[in-house]
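Novice: Would you mind keeping the following structure in view while I ask a few things?
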Amino acid sequence: MIRNLTGYSHQVWHQFSLVRYAGVHVRLGILNYAIAALLYGVVGVNHHISALVGHAVHVSLGFFMDRRESFRSMETTLAYGIPRYWFIEAISYASVVATMYIMIDLWQMNAYLSRGVVAMSIATALSFGLNYAWTFKYKT
């Protein structure tokens with residue numbers, strides 16, 4: 001039974017880019033959120049600036065990890081892929097800013113929850129869909 005479960009999870013990992021994407025971006029998201037939380041909670045940096053720094057680190061590593069692991073699109077050249085990836089991530093980050101503005105600045109909700117759950121979930125969905133369709137459309 002364990003062999004069947006591990007075989008099935010291995011098959012799911014290799015067949016579905018969304019599962020691989022989630023595996024990559026959970027790791028990157030933890031790093032992103034940790035940087036933003038440290039800057040906001042410990043250092044005292046504004047929540048928008050700390051989110052920007054965390055997101056920039058996430059995106060800088062994300063292209064290479066997505067190209068290799070998530071989408072398996074090594075045919076995507078750096079000259080073709082990086083500008084598209086950063087453009088999509090700018091859209092993704094705009095959704096983070098908008099969500100944080102509404103939830104934190106207007107509604108006075110918890111900054112950690114607003115950024116860590118809601119804003120990052122919306123941004124991840126946007127990023128996956130757009131990168132799947134545009135940046136990494138050639139998959140191996």
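By convention here, the chains of the structure tokens are called A, B, ... in the order presented, each chain's residues are numbered starting at 1, and ligands are numbered starting at 1 in the order presented.
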For stretch 88-97 of chain A, work out the shell of residues within 7 Å, counting only C-alpha atoms and skipping chain neighbours fewer than 4 positions away, then give it as a compact mmCIF listing (two decimals) with C-alpha atoms, in the first residue's frame.
Specialist:
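File out-v1.txt, as written:
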# COMPACT_ATOMS: atom_id res chain seq x y z
CA VAL A 59 10.89 36.58 -8.01
CA ARG A 84 7.90 38.06 -19.36
CA TYR A 101 -4.23 48.36 0.84
CA ALA A 119 -2.60 38.53 -0.79
CA MET A 120 -0.13 35.73 -1.45
CA ALA A 123 -0.79 36.60 -6.35
CA LEU A 126 -2.31 35.00 -11.05
CA SER A 127 1.36 34.15 -11.39
CA LEU A 130 -0.09 33.76 -16.61
Novice: Fewer than 5 positions away in the same chain doesn't count, so skip those; otherwise give me all residues within 12 Å of stretch 31-33 of chain A, counting only C-alpha atoms, as a PyMOL selection string.
Specialist: chain A and resi 24-26+38-41+47+50-62+111-117+119-120
Novice: Among the residues of stretch 17-140 of chain A, find those DSSP assigns to helix (DSSP H, G or I) from the backbone and print them as a count of residues only.
Specialist: 105
Novice: In terms of the shortest atom-to-atom distance over only C-alpha atoms, which of A:Gly81, A:Ile104, A:Asn46, A:Ile30 is closest to A:Arg67?
Specialist: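 Of A:Gly81, A:Ile104, A:Asn46, A:Ile30, the one nearest A:Arg67, counting only C-alpha atoms, is A:Gly81.
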Novice: Which residue gives the smallest distance to A:Thr124 among A:Phe16, A:Ser70, A:Tyr21, A:Gln108, with only C-alpha atoms counted?
Specialist: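 Of all the options, A:Tyr21 lies closest to A:Thr124.
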Novice: Name the residues in contact with A:Ser73 at a cut-off of 12 Å, using only C-alpha atoms, excluding same-chain residues fewer than 6 positions from it; report them as number ranges by chain.
Specialist: A: 17, 63-67, 80-81, 131-132, 134-140
Novice: Residues as selected, C-alpha atoms, written as a PDB file, in the first residue's frame, can you do that?
Specialist:
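File written: selection-v1.pdb
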ATOM      1  CA  SER A  17       2.861  21.438 -13.294  1.00  0.00           C
ATOM      2  CA  PHE A  63      12.233  32.250 -12.561  1.00  0.00           C
ATOM      3  CA  PHE A  64      15.051  29.739 -12.417  1.00  0.00           C
ATOM      4  CA  MET A  65      13.171  27.321 -10.165  1.00  0.00           C
ATOM      5  CA  ASP A  66       9.993  27.554 -12.250  1.00  0.00           C
ATOM      6  CA  ARG A  67      11.897  27.088 -15.479  1.00  0.00           C
ATOM      7  CA  TYR A  80      12.639  35.486 -23.782  1.00  0.00           C
ATOM      8  CA  GLY A  81      11.574  34.336 -20.338  1.00  0.00           C
ATOM      9  CA  ASN A 131       3.331  32.093 -16.516  1.00  0.00           C
ATOM     10  CA  TYR A 132       1.843  28.778 -17.613  1.00  0.00           C
ATOM     11  CA  TRP A 134       2.766  32.926 -21.644  1.00  0.00           C
ATOM     12  CA  THR A 135       6.263  32.634 -20.193  1.00  0.00           C
ATOM     13  CA  PHE A 136       6.713  28.857 -20.120  1.00  0.00           C
ATOM     14  CA  LYS A 137       4.426  27.770 -22.905  1.00  0.00           C
ATOM     15  CA  TYR A 138       7.067  25.395 -24.260  1.00  0.00           C
ATOM     16  CA  LYS A 139       7.314  22.465 -21.881  1.00  0.00           C
ATOM     17  CA  THR A 140       9.552  19.438 -21.950  1.00  0.00           C
TER      18      THR A 140
END
Novice: Distance atom CA of A:Phe128-atom CA of A:Ala22, one decimal place?
Specialist: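 Taking atom CA of A:Phe128 and atom CA of A:Ala22, their separation equals 9.1 Å.
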Novice: Counting only C-alpha atoms, which residue out of A:Glu69, A:Ile122, A:His48, A:Trp86 sits closest to A:Met100?
Specialist: A:His48
